[in-house]
>>> print(open('final_3.cif').read())   # mmCIF, C-alpha atoms
data_entry
loop_
_atom_site.label_atom_id
_atom_site.label_comp_id
_atom_site.auth_asym_id
_atom_site.auth_seq_id
_atom_site.Cartn_x
_atom_site.Cartn_y
_atom_site.Cartn_z
CA MET A 1 -31.86 9.53 -28.24
CA ILE A 2 -35.53 8.49 -27.90
CA LEU A 3 -36.05 11.31 -25.42
CA PHE A 4 -34.52 13.76 -27.91
CA PHE A 5 -37.06 12.79 -30.58
CA TYR A 6 -39.88 12.93 -27.99
CA ASN A 7 -38.94 16.49 -27.01
CA ALA A 8 -38.56 17.53 -30.66
CA ALA A 9 -42.01 16.17 -31.45
CA LEU A 10 -43.47 17.78 -28.33
CA LEU A 11 -42.00 21.15 -29.23
CA ALA A 12 -43.30 20.88 -32.80
CA VAL A 13 -46.82 20.11 -31.51
CA LEU A 14 -46.69 23.04 -29.10
CA LEU A 15 -45.53 25.44 -31.82
CA ALA A 16 -48.12 24.21 -34.31
CA GLY A 17 -50.89 24.40 -31.75
CA SER A 18 -49.84 27.69 -30.14
CA PRO A 19 -52.43 29.85 -31.98
CA TRP A 20 -55.23 27.60 -30.73
CA TRP A 21 -53.85 27.55 -27.19
CA LEU A 22 -53.45 31.33 -27.14
CA TRP A 23 -57.02 31.76 -28.35
CA ARG A 24 -58.34 29.34 -25.70
CA MET A 25 -56.39 31.16 -23.00
CA ALA A 26 -57.80 34.50 -24.12
CA THR A 27 -61.38 33.24 -24.11
CA THR A 28 -61.53 30.56 -21.39
CA GLN A 29 -60.52 30.96 -17.76
CA LYS A 30 -59.63 27.32 -17.17
CA TYR A 31 -56.83 27.53 -19.75
CA ARG A 32 -55.32 30.50 -17.91
CA ASP A 33 -55.42 28.96 -14.45
CA GLY A 34 -52.01 27.80 -13.31
CA PHE A 35 -50.38 28.75 -16.62
CA ARG A 36 -47.15 29.98 -15.04
CA GLU A 37 -46.93 26.97 -12.77
CA ARG A 38 -47.41 24.65 -15.74
CA LEU A 39 -44.49 26.35 -17.50
CA GLY A 40 -42.16 25.82 -14.56
CA ARG A 41 -42.67 28.74 -12.19
CA VAL A 42 -42.67 27.04 -8.81
CA PRO A 43 -45.08 28.90 -6.48
CA LEU A 44 -43.49 30.61 -3.51
CA ARG A 45 -45.72 28.68 -1.10
CA LEU A 46 -43.95 25.47 -2.12
CA ARG A 47 -40.48 27.00 -2.11
CA LYS A 48 -40.99 27.97 1.53
CA ALA A 49 -41.93 24.38 2.27
CA PRO A 50 -45.05 24.98 4.36
CA LEU A 51 -46.74 21.72 4.60
CA ALA A 52 -48.29 18.89 6.46
CA PRO A 53 -49.32 18.70 10.10
CA GLY A 54 -46.23 19.28 12.18
CA GLY A 55 -45.39 22.81 11.14
CA LEU A 56 -43.02 24.51 8.76
CA GLY A 57 -39.48 23.56 8.06
CA ALA A 58 -37.42 24.04 4.93
CA ASP A 59 -34.97 21.35 6.07
CA ARG A 60 -37.59 18.60 6.10
CA PRO A 61 -37.32 16.04 3.26
CA LEU A 62 -40.12 16.30 0.73
CA ILE A 63 -42.45 13.79 -0.94
CA TRP A 64 -44.19 14.81 -4.17
CA LEU A 65 -47.51 13.16 -5.01
CA HIS A 66 -49.10 13.76 -8.42
CA ALA A 67 -52.84 13.13 -8.91
CA VAL A 68 -54.25 14.19 -12.28
CA SER A 69 -57.85 15.15 -11.65
CA VAL A 70 -60.83 14.77 -9.31
CA GLY A 71 -60.92 10.97 -9.45
CA GLU A 72 -57.26 10.59 -8.57
CA VAL A 73 -57.46 13.24 -5.85
CA LEU A 74 -60.41 11.45 -4.25
CA ALA A 75 -58.66 8.10 -4.49
CA ALA A 76 -55.51 9.51 -2.89
CA SER A 77 -57.31 11.34 -0.07
CA ARG A 78 -56.82 8.66 2.58
CA LEU A 79 -53.30 7.97 1.29
CA VAL A 80 -52.34 11.62 1.87
CA GLY A 81 -53.63 11.47 5.44
CA GLN A 82 -51.80 8.24 6.17
CA LEU A 83 -48.58 9.52 4.62
CA ASP A 84 -48.79 12.61 6.83
CA ARG A 85 -49.09 10.37 9.88
CA ALA A 86 -46.56 7.76 8.77
CA PHE A 87 -43.84 10.30 7.85
CA PRO A 88 -44.22 13.25 10.24
CA ASP A 89 -40.63 14.32 9.53
CA HIS A 90 -41.37 14.68 5.81
CA GLN A 91 -43.29 17.28 3.87
CA LEU A 92 -45.89 16.25 1.31
CA VAL A 93 -46.82 18.34 -1.72
CA ILE A 94 -49.59 17.46 -4.15
CA SER A 95 -49.85 18.43 -7.80
CA THR A 96 -52.77 18.08 -10.21
CA THR A 97 -53.27 18.61 -13.92
CA THR A 98 -56.87 19.75 -14.19
CA ARG A 99 -58.60 22.81 -12.80
CA THR A 100 -61.27 20.75 -11.04
CA GLY A 101 -58.63 18.48 -9.51
CA GLN A 102 -56.75 21.55 -8.31
CA ALA A 103 -59.83 23.01 -6.64
CA LEU A 104 -60.64 19.76 -4.84
CA ALA A 105 -57.03 19.17 -3.77
CA ARG A 106 -56.81 22.66 -2.27
CA GLU A 107 -60.06 22.07 -0.42
CA ARG A 108 -59.00 18.64 0.86
CA PHE A 109 -55.31 19.16 1.60
CA GLY A 110 -54.83 22.93 2.00
CA SER A 111 -53.78 25.33 -0.74
CA ASN A 112 -50.36 25.88 0.82
CA ARG A 113 -49.12 22.51 -0.39
CA VAL A 114 -50.95 22.12 -3.70
CA SER A 115 -49.92 23.30 -7.17
CA TYR A 116 -50.40 22.51 -10.83
CA CYS A 117 -48.05 19.92 -12.26
CA PRO A 118 -45.55 21.33 -14.75
CA LEU A 119 -45.99 20.41 -18.38
CA ASP A 120 -43.63 17.66 -19.46
CA LEU A 121 -41.16 20.18 -20.86
CA PRO A 122 -37.50 19.80 -19.89
CA TRP A 123 -37.12 23.29 -18.39
CA ALA A 124 -40.43 23.16 -16.52
CA VAL A 125 -39.70 19.77 -14.98
CA ARG A 126 -36.13 20.82 -14.16
CA ALA A 127 -37.38 23.93 -12.30
CA TYR A 128 -39.69 21.89 -10.08
CA LEU A 129 -37.17 19.19 -9.30
CA LYS A 130 -34.51 21.78 -8.50
CA ALA A 131 -36.81 23.77 -6.21
CA LEU A 132 -38.53 20.86 -4.44
CA GLN A 133 -35.67 18.34 -4.38
CA PRO A 134 -38.10 15.52 -3.52
CA ARG A 135 -36.91 12.38 -1.79
CA LEU A 136 -39.69 10.46 -3.56
CA LEU A 137 -42.11 11.03 -6.44
CA ILE A 138 -45.46 9.21 -6.20
CA LEU A 139 -47.60 8.99 -9.33
CA ALA A 140 -51.29 8.10 -9.05
CA GLU A 141 -52.44 5.58 -11.67
CA THR A 142 -50.33 5.78 -14.87
CA GLU A 143 -48.95 9.27 -15.37
CA PHE A 144 -45.83 8.21 -17.26
CA TRP A 145 -44.35 11.52 -18.45
CA PRO A 146 -40.90 10.89 -19.99
CA ASN A 147 -39.16 14.13 -18.98
CA LEU A 148 -40.49 13.95 -15.43
CA LEU A 149 -39.38 10.34 -15.07
CA ASN A 150 -35.99 10.96 -16.66
CA GLY A 151 -35.42 14.06 -14.51
CA CYS A 152 -36.03 12.01 -11.36
CA PHE A 153 -33.79 9.17 -12.47
CA ARG A 154 -30.90 11.53 -13.29
CA ARG A 155 -31.11 12.94 -9.75
CA GLY A 156 -31.44 9.56 -8.05
CA ILE A 157 -35.03 10.26 -6.96
CA PRO A 158 -37.05 7.04 -6.65
CA VAL A 159 -40.40 6.95 -8.41
CA ALA A 160 -43.36 4.91 -7.20
CA VAL A 161 -46.72 4.39 -8.89
CA VAL A 162 -49.78 3.79 -6.71
CA ASN A 163 -53.23 2.59 -7.81
CA ALA A 164 -51.56 1.70 -11.10
CA ARG A 165 -53.79 0.49 -13.87
CA ILE A 166 -53.98 0.19 -17.64
CA SER A 167 -57.55 0.27 -18.87
CA ASP A 168 -58.88 -1.86 -21.70
CA ARG A 169 -59.03 1.25 -23.87
CA SER A 170 -55.41 2.27 -23.13
CA TRP A 171 -53.90 -1.21 -23.37
CA PRO A 172 -53.53 -1.34 -27.20
CA ARG A 173 -51.83 2.08 -27.24
CA TYR A 174 -49.36 1.10 -24.50
CA ARG A 175 -48.47 -2.10 -26.34
CA LEU A 176 -47.83 -0.07 -29.49
CA VAL A 177 -45.31 2.26 -27.76
CA ARG A 178 -43.82 -0.16 -25.22
CA GLY A 179 -40.45 0.00 -26.96
CA PHE A 180 -40.32 3.73 -26.18
CA PHE A 181 -41.47 3.42 -22.57
CA ARG A 182 -39.53 0.31 -21.55
CA PRO A 183 -36.19 2.09 -20.77
CA LEU A 184 -38.07 4.45 -18.47
CA LEU A 185 -40.51 2.03 -16.85
CA GLU A 186 -37.83 -0.49 -15.95
CA ARG A 187 -36.24 2.15 -13.68
CA ILE A 188 -39.39 2.80 -11.62
CA ALA A 189 -38.74 1.69 -8.05
CA ARG A 190 -42.19 0.34 -7.11
CA VAL A 191 -45.42 -0.21 -9.00
CA LEU A 192 -48.48 -0.96 -6.87
CA ALA A 193 -51.18 -2.22 -9.20
CA GLN A 194 -54.92 -2.31 -8.69
CA SER A 195 -55.35 -5.89 -9.95
CA GLU A 196 -53.49 -8.90 -11.33
CA THR A 197 -54.53 -7.91 -14.84
CA ASP A 198 -53.05 -4.44 -14.37
CA ALA A 199 -49.87 -5.95 -12.92
CA ASP A 200 -49.44 -8.27 -15.91
CA ARG A 201 -49.96 -5.42 -18.36
CA LEU A 202 -47.49 -3.16 -16.55
CA LYS A 203 -44.85 -5.90 -16.65
CA ALA A 204 -45.53 -6.45 -20.35
CA ILE A 205 -44.77 -2.81 -21.22
CA GLY A 206 -41.52 -2.64 -19.28
CA CYS A 207 -41.94 -2.49 -15.50
CA LEU A 208 -39.60 -4.94 -13.78
CA PRO A 209 -41.57 -7.94 -12.44
CA GLU A 210 -39.81 -7.89 -9.07
CA ARG A 211 -40.91 -4.29 -8.53
CA VAL A 212 -44.57 -4.82 -9.42
CA SER A 213 -47.10 -6.02 -6.86
CA VAL A 214 -50.86 -5.93 -6.40
CA ALA A 215 -51.90 -3.59 -3.59
CA GLY A 216 -55.57 -3.26 -4.52
CA ASN A 217 -57.62 -0.23 -5.44
CA LEU A 218 -57.28 2.90 -3.31
CA LYS A 219 -60.85 3.79 -4.24
CA PHE A 220 -62.08 0.97 -2.02
CA ASP A 221 -60.61 2.92 0.90
CA VAL A 222 -62.31 6.19 -0.03
CA ARG A 223 -64.81 7.38 2.53
CA ALA A 224 -66.97 10.44 2.04
CA ALA A 225 -65.55 13.43 3.81
CA ALA A 226 -67.65 15.28 6.40
CA GLU A 227 -71.26 15.66 5.34
CA ALA A 228 -71.46 18.23 2.54
CA ASP A 229 -73.47 21.42 2.90
CA ALA A 230 -75.64 20.33 -0.01
CA THR A 231 -76.47 17.07 1.78
CA ARG A 232 -77.59 18.93 4.89
CA GLN A 233 -79.69 21.30 2.79
CA LEU A 234 -81.37 18.47 0.89
CA LYS A 235 -82.27 16.79 4.16
CA ALA A 236 -83.83 20.01 5.43
CA LEU A 237 -85.61 20.92 2.19
CA ALA A 238 -86.95 17.47 1.35
CA PRO A 239 -87.39 15.41 4.54
CA ASP A 240 -90.18 13.28 3.05
CA LEU A 241 -88.85 12.76 -0.48
CA ARG A 242 -86.85 9.89 -1.93
CA PHE A 243 -83.92 10.65 -4.22
CA LEU A 244 -82.57 9.25 -7.43
CA VAL A 245 -78.96 10.46 -7.47
CA ALA A 246 -77.49 10.48 -10.99
CA GLY A 247 -73.76 11.04 -10.62
CA SER A 248 -70.96 11.86 -13.07
CA THR A 249 -73.29 12.07 -16.06
CA LEU A 250 -72.05 12.82 -19.56
CA ASP A 251 -73.63 14.26 -22.71
CA GLY A 252 -76.58 12.12 -23.74
CA GLU A 253 -77.18 10.65 -20.30
CA GLU A 254 -79.04 13.64 -18.85
CA SER A 255 -81.50 13.52 -21.77
CA ALA A 256 -81.97 9.76 -21.21
CA LEU A 257 -82.77 10.38 -17.55
CA LEU A 258 -85.21 13.16 -18.44
CA GLU A 259 -86.88 10.86 -20.96
CA ALA A 260 -87.36 8.25 -18.23
CA TRP A 261 -88.40 10.78 -15.57
CA PRO A 262 -92.21 10.74 -16.18
CA GLN A 263 -92.26 6.93 -15.86
CA LEU A 264 -90.22 7.08 -12.65
CA LEU A 265 -92.56 9.66 -11.13
CA GLU A 266 -95.58 7.59 -12.06
CA SER A 267 -94.00 4.69 -10.21
CA ASP A 268 -92.92 6.78 -7.20
CA PRO A 269 -94.72 10.14 -6.87
CA GLN A 270 -92.51 11.12 -3.91
CA LEU A 271 -89.33 11.01 -5.98
CA ALA A 272 -86.87 13.84 -6.66
CA MET A 273 -83.59 13.68 -8.58
CA VAL A 274 -80.11 15.07 -8.02
CA MET A 275 -78.31 15.35 -11.37
CA ALA A 276 -74.54 15.78 -11.16
CA PRO A 277 -72.76 16.31 -14.51
CA ARG A 278 -69.20 15.01 -14.55
CA HIS A 279 -67.55 18.11 -16.04
CA PRO A 280 -68.15 21.61 -14.60
CA GLU A 281 -67.91 23.20 -18.03
CA ARG A 282 -71.14 21.36 -18.92
CA PHE A 283 -73.17 22.86 -16.08
CA PRO A 284 -74.64 25.63 -18.31
CA THR A 285 -75.45 23.11 -21.07
CA VAL A 286 -77.31 20.83 -18.67
CA ALA A 287 -79.10 23.83 -17.17
CA ALA A 288 -80.32 24.79 -20.66
CA LEU A 289 -81.45 21.19 -21.23
CA LEU A 290 -83.45 21.27 -17.99
CA ASP A 291 -85.02 24.58 -19.02
CA ARG A 292 -86.16 23.09 -22.33
CA SER A 293 -87.54 19.97 -20.63
CA GLY A 294 -90.23 21.86 -18.74
CA VAL A 295 -89.40 19.98 -15.54
CA ALA A 296 -89.22 21.96 -12.30
CA TRP A 297 -85.58 22.26 -11.27
CA VAL A 298 -83.17 24.26 -9.13
CA LYS A 299 -79.42 24.85 -9.12
CA ARG A 300 -77.50 23.86 -6.02
CA SER A 301 -75.38 27.04 -6.45
CA ASP A 302 -78.51 29.18 -5.93
CA TRP A 303 -78.63 27.92 -2.34
CA ARG A 304 -75.22 29.27 -1.39
CA SER A 305 -76.32 32.87 -0.98
CA ASN A 306 -79.33 32.06 1.21
CA PRO A 307 -79.76 30.38 4.59
CA THR A 308 -81.59 27.06 4.37
CA VAL A 309 -84.59 28.40 6.29
CA ALA A 310 -85.14 31.00 3.56
CA LEU A 311 -85.23 28.43 0.73
CA LYS A 312 -88.36 26.88 -0.73
CA PRO A 313 -88.84 23.20 0.15
CA LEU A 314 -88.26 20.78 -2.72
CA ARG A 315 -91.38 19.38 -4.32
CA PRO A 316 -91.95 15.85 -5.62
CA GLY A 317 -90.71 15.56 -9.18
CA GLU A 318 -88.21 18.42 -8.84
CA ILE A 319 -84.63 18.06 -10.06
CA VAL A 320 -81.57 19.52 -8.35
CA LEU A 321 -78.66 20.34 -10.66
CA LEU A 322 -75.54 19.72 -8.56
CA ASP A 323 -73.31 22.42 -10.05
CA SER A 324 -70.60 22.11 -7.39
CA ILE A 325 -67.40 20.15 -6.89
CA GLY A 326 -66.71 17.59 -4.17
CA GLU A 327 -70.27 17.16 -2.83
CA LEU A 328 -71.49 14.20 -4.89
CA ALA A 329 -69.92 11.49 -2.70
CA SER A 330 -71.76 12.77 0.36
CA ILE A 331 -75.07 13.22 -1.49
CA TYR A 332 -75.04 9.55 -2.55
CA SER A 333 -75.87 8.81 1.10
CA LEU A 334 -79.39 10.18 0.46
CA ALA A 335 -80.11 8.02 -2.57
CA ALA A 336 -82.90 5.48 -2.73
CA VAL A 337 -81.21 4.42 -5.98
CA ALA A 338 -78.01 5.69 -7.60
CA PHE A 339 -77.20 5.85 -11.29
CA VAL A 340 -73.47 6.08 -12.02
CA GLY A 341 -72.84 7.88 -15.29
CA GLY A 342 -70.35 7.72 -18.11
CA SER A 343 -71.76 4.25 -18.70
CA LEU A 344 -74.78 4.59 -21.01
CA ILE A 345 -72.39 5.84 -23.70
CA PRO A 346 -69.01 4.30 -24.62
CA SER A 347 -66.96 6.44 -22.24
CA GLY A 348 -65.75 3.79 -19.79
CA GLY A 349 -67.96 4.60 -16.81
CA HIS A 350 -67.22 6.16 -13.43
CA ASN A 351 -66.66 4.93 -9.92
CA PRO A 352 -69.55 2.87 -8.43
CA LEU A 353 -67.84 2.70 -5.04
CA GLU A 354 -69.01 6.14 -3.94
CA PRO A 355 -72.63 4.98 -3.58
CA ALA A 356 -71.57 1.46 -2.54
CA GLN A 357 -70.05 2.73 0.71
CA PHE A 358 -73.51 3.88 1.83
CA GLY A 359 -75.28 0.64 1.01
CA VAL A 360 -77.13 2.24 -1.92
CA PRO A 361 -78.45 0.07 -4.79
CA ILE A 362 -76.50 0.98 -7.94
CA VAL A 363 -77.42 1.03 -11.62
CA MET A 364 -74.88 1.52 -14.40
CA GLY A 365 -74.95 1.35 -18.16
CA PRO A 366 -73.08 -1.36 -20.12
CA HIS A 367 -69.93 0.73 -20.70
CA TYR A 368 -67.76 0.38 -17.57
CA ALA A 369 -64.33 -0.55 -18.93
CA ASN A 370 -62.55 2.06 -16.79
CA PHE A 371 -63.86 0.35 -13.66
CA ARG A 372 -64.13 -3.19 -14.95
CA ALA A 373 -62.58 -4.99 -11.95
CA ILE A 374 -64.70 -3.08 -9.43
CA THR A 375 -67.92 -3.45 -11.42
CA GLU A 376 -67.41 -7.15 -12.09
CA ASP A 377 -66.74 -7.72 -8.40
CA LEU A 378 -70.02 -5.99 -7.60
CA LEU A 379 -71.78 -8.04 -10.29
CA THR A 380 -70.42 -11.27 -8.85
CA HIS A 381 -72.00 -10.37 -5.52
CA ARG A 382 -75.29 -9.22 -7.14
CA ALA A 383 -74.58 -5.75 -5.81
CA ILE A 384 -75.14 -3.73 -9.00
CA ARG A 385 -77.52 -3.74 -11.97
CA ILE A 386 -76.39 -3.11 -15.54
CA ALA A 387 -78.96 -1.53 -17.86
CA ALA A 388 -78.78 -0.29 -21.43
CA LYS A 389 -80.51 3.00 -22.27
CA GLU A 390 -83.74 1.32 -23.36
CA ASP A 391 -83.90 -0.64 -20.07
CA LEU A 392 -82.90 2.20 -17.74
CA ALA A 393 -86.40 3.28 -16.70
CA ALA A 394 -87.60 -0.28 -16.06
CA THR A 395 -84.52 -1.15 -13.99
CA LEU A 396 -84.81 1.96 -11.84
CA ILE A 397 -88.55 1.44 -11.36
CA GLU A 398 -88.00 -2.16 -10.26
CA LEU A 399 -85.59 -1.07 -7.53
CA LEU A 400 -87.78 1.84 -6.44
CA ARG A 401 -90.81 -0.43 -6.10
CA ASP A 402 -89.12 -3.36 -4.35
CA SER A 403 -87.54 -1.69 -1.34
CA ALA A 404 -86.59 -5.01 0.30
CA ALA A 405 -84.65 -6.19 -2.78
CA ALA A 406 -83.06 -2.76 -3.17
CA LYS A 407 -81.92 -2.74 0.45
CA ALA A 408 -80.45 -6.24 0.16
CA MET A 409 -78.60 -5.21 -3.00
CA GLY A 410 -77.25 -2.09 -1.29
CA ASP A 411 -76.12 -4.11 1.71
CA ARG A 412 -74.18 -6.45 -0.59
CA ALA A 413 -72.55 -3.43 -2.26
CA ARG A 414 -71.42 -2.12 1.12
CA GLN A 415 -70.00 -5.56 2.02
CA VAL A 416 -67.96 -5.62 -1.20
CA PHE A 417 -66.68 -2.14 -0.43
CA GLU A 418 -65.60 -3.11 3.10
CA GLN A 419 -64.06 -6.45 2.10
CA GLN A 420 -61.80 -4.88 -0.50
CA ALA A 421 -60.43 -2.17 1.79
CA GLY A 422 -56.77 -2.02 2.81
CA ALA A 423 -54.95 -0.83 -0.31
CA THR A 424 -53.91 2.41 1.39
CA GLY A 425 -52.07 0.61 4.19
CA ARG A 426 -50.31 -1.68 1.73
CA CYS A 427 -49.18 1.33 -0.31
CA VAL A 428 -47.83 3.12 2.77
CA ASP A 429 -45.86 0.02 3.79
CA ALA A 430 -44.29 -0.21 0.32
CA LEU A 431 -43.46 3.50 0.24
CA ARG A 432 -41.89 3.25 3.69
CA GLU A 433 -39.33 0.84 2.24
CA LEU A 434 -38.37 3.39 -0.43
CA LEU A 435 -37.86 6.10 2.18
CA SER A 436 -35.89 3.86 4.51
CA PRO A 437 -32.20 4.78 4.98
CA SER A 438 -31.39 1.17 4.10
CA THR A 439 -32.92 1.45 0.65
CA THR A 440 -30.50 -0.02 -1.86
CA PRO A 441 -28.98 2.09 -4.65
CA GLU A 442 -30.61 -0.19 -7.21
CA ALA A 443 -34.06 0.47 -5.80
CA ARG A 444 -33.34 4.20 -6.01
CA SER A 445 -32.03 4.09 -9.57
#
>>> encode(input="final_3.cif", output="structure tokens")
Amino acid sequence: MILFFYNAALLAVLLAGSPWWLWRMATTQKYRDGFRERLGRVPLRLRKAPLAPGGLGADRPLIWLHAVSVGEVLAASRLVGQLDRAFPDHQLVISTTTRTGQALARERFGSNRVSYCPLDLPWAVRAYLKALQPRLLILAETEFWPNLLNGCFRRGIPVAVVNARISDRSWPRYRLVRGFFRPLLERIARVLAQSETDADRLKAIGCLPERVSVAGNLKFDVRAAAEADATRQLKALAPDLRFLVAGSTLDGEESALLEAWPQLLESDPQLAMVMAPRHPERFPTVAALLDRSGVAWVKRSDWRSNPTVALKPLRPGEIVLLDSIGELASIYSLAAVAFVGGSLIPSGGHNPLEPAQFGVPIVMGPHYANFRAITEDLLTHRAIRIAAKEDLAATLIELLRDSAAAKAMGDRARQVFEQQAGATGRCVDALRELLSPSTTPEARS
């Protein structure tokens, strides 16, 4: 009955919002991408079951992994590789929700086994489950879509959640609707939480305690892929410069960095900056901001059409706008200091582990609720600095001037990263139990 009212409300919202959606589709490419797949048209490449290392085979059982966007795709990268190796007789398909997540997943895992996730509409979900007939659905973090969950349960498909978490911002909303979610969540076969706090919250909203365990954060197992082209080009174009890498920045943070830039250059005249906005749709906005600032700058995308030897060397004080996807993690390896964005404004912050793996000293703003456990672990080990907007320049200058202290701080960050590794292996072990022939009917319910 609850599901009936959910679908009625969902349909009403879709009908009421259809003029807006149609207008956005007509004017914006990202709203058109994957539209048919989202409505339930399963791409032929998945129907033919082409997938992981080991070749084709329509008779191979299938595992479906859903990762929403770039962050979840990055976190699941090592998990996908280990699942391929652990279950060579199974196929693995990956779905995403966002356009940027789709692009990265196709690049990382191969386009022949990646698609958009269907909208949580009964017919769209039914089409995918009928075509794929997965033996297991794996959800990254907390993608609790009622029709998708119910469709799996009706077909006896076990559902597992990896890297599960409920952020401080989401927690009040989940508590408010726990009566709706409880009948669905109590049927999930395994929930592998990032932390004890996440595990307690997941149990409180309906997940069965005996099926919830703490596996750790998959993001501690993330390693940068092969060195990005942009990293190689920066090395060649600026061999004698030091870099401030500002990653995953949001509106308001780029202007704060530009405001601090003259002070930083006065402190370190051999400094350059890589600025990487979080959302690709903001690339033109940030480019316009850089134009107005009067600072010398270049777009990373302008390098693609020219060999490195034909490009002008970077000059001290120049800014590189990283208008590409999937290269930031590698570029952090060049940083003398890294600023992790989404944190000067109340947006919850982004992942500080990407620079931590390279032993880079990290600065974040005070808003890091989305990565609270990770950030507080780094703080405990004096492996990160937290600075409000008014203190940002002074904090960065301090680390740029004191190279010994910065190096020690970066080394501690790398130690935290290494010590917390292992979540991927624990997740694979738990998923192996669900795929075992001896799995009990209750665990598959």
>>> resolve_selection(input="final_3.cif", expression="the PyMOL selection byres ((chain A and resi 168-183) around 9)", output="MDAnalysis selection string")
chainID A and resid 2:3 144 146 166:167 184:187 201 204:207 348 369:370 372
>>> residues_around(input="final_3.cif", residues="Thr375 (chain A)", least_positions_apart="3", cutoff="10 Å", atoms="only C-alpha atoms", output="list in words")
Gly349, His350, Asn351, Pro352, Leu353, Met364, Tyr368, Ala369, Asn370, Phe371, Arg372, Leu378, Leu379, Thr380, His381, Ala383, Ile384, Arg385 and Ile386 of chain A
>>> closest_residue(input="final_3.cif", among="A:Phe220, A:Phe283, A:Trp261, A:Phe243", to="Gln419 (chain A)", atoms="all atoms listed in the file")
A:Phe220
>>> residues_around(input="final_3.cif", residues="Phe35 (chain A)", least_positions_apart="5", cutoff="9 Å", atoms="all atoms listed in the file", output="ChimeraX atom specification")
/A:40-41,116
>>> residues_around(input="final_3.cif", residues="region 267-271 of chain A", least_positions_apart="6", cutoff="9 Å", atoms="all atoms listed in the file", output="MDAnalysis selection string")
chainID A and resid 240:244 315:318 397 400:401
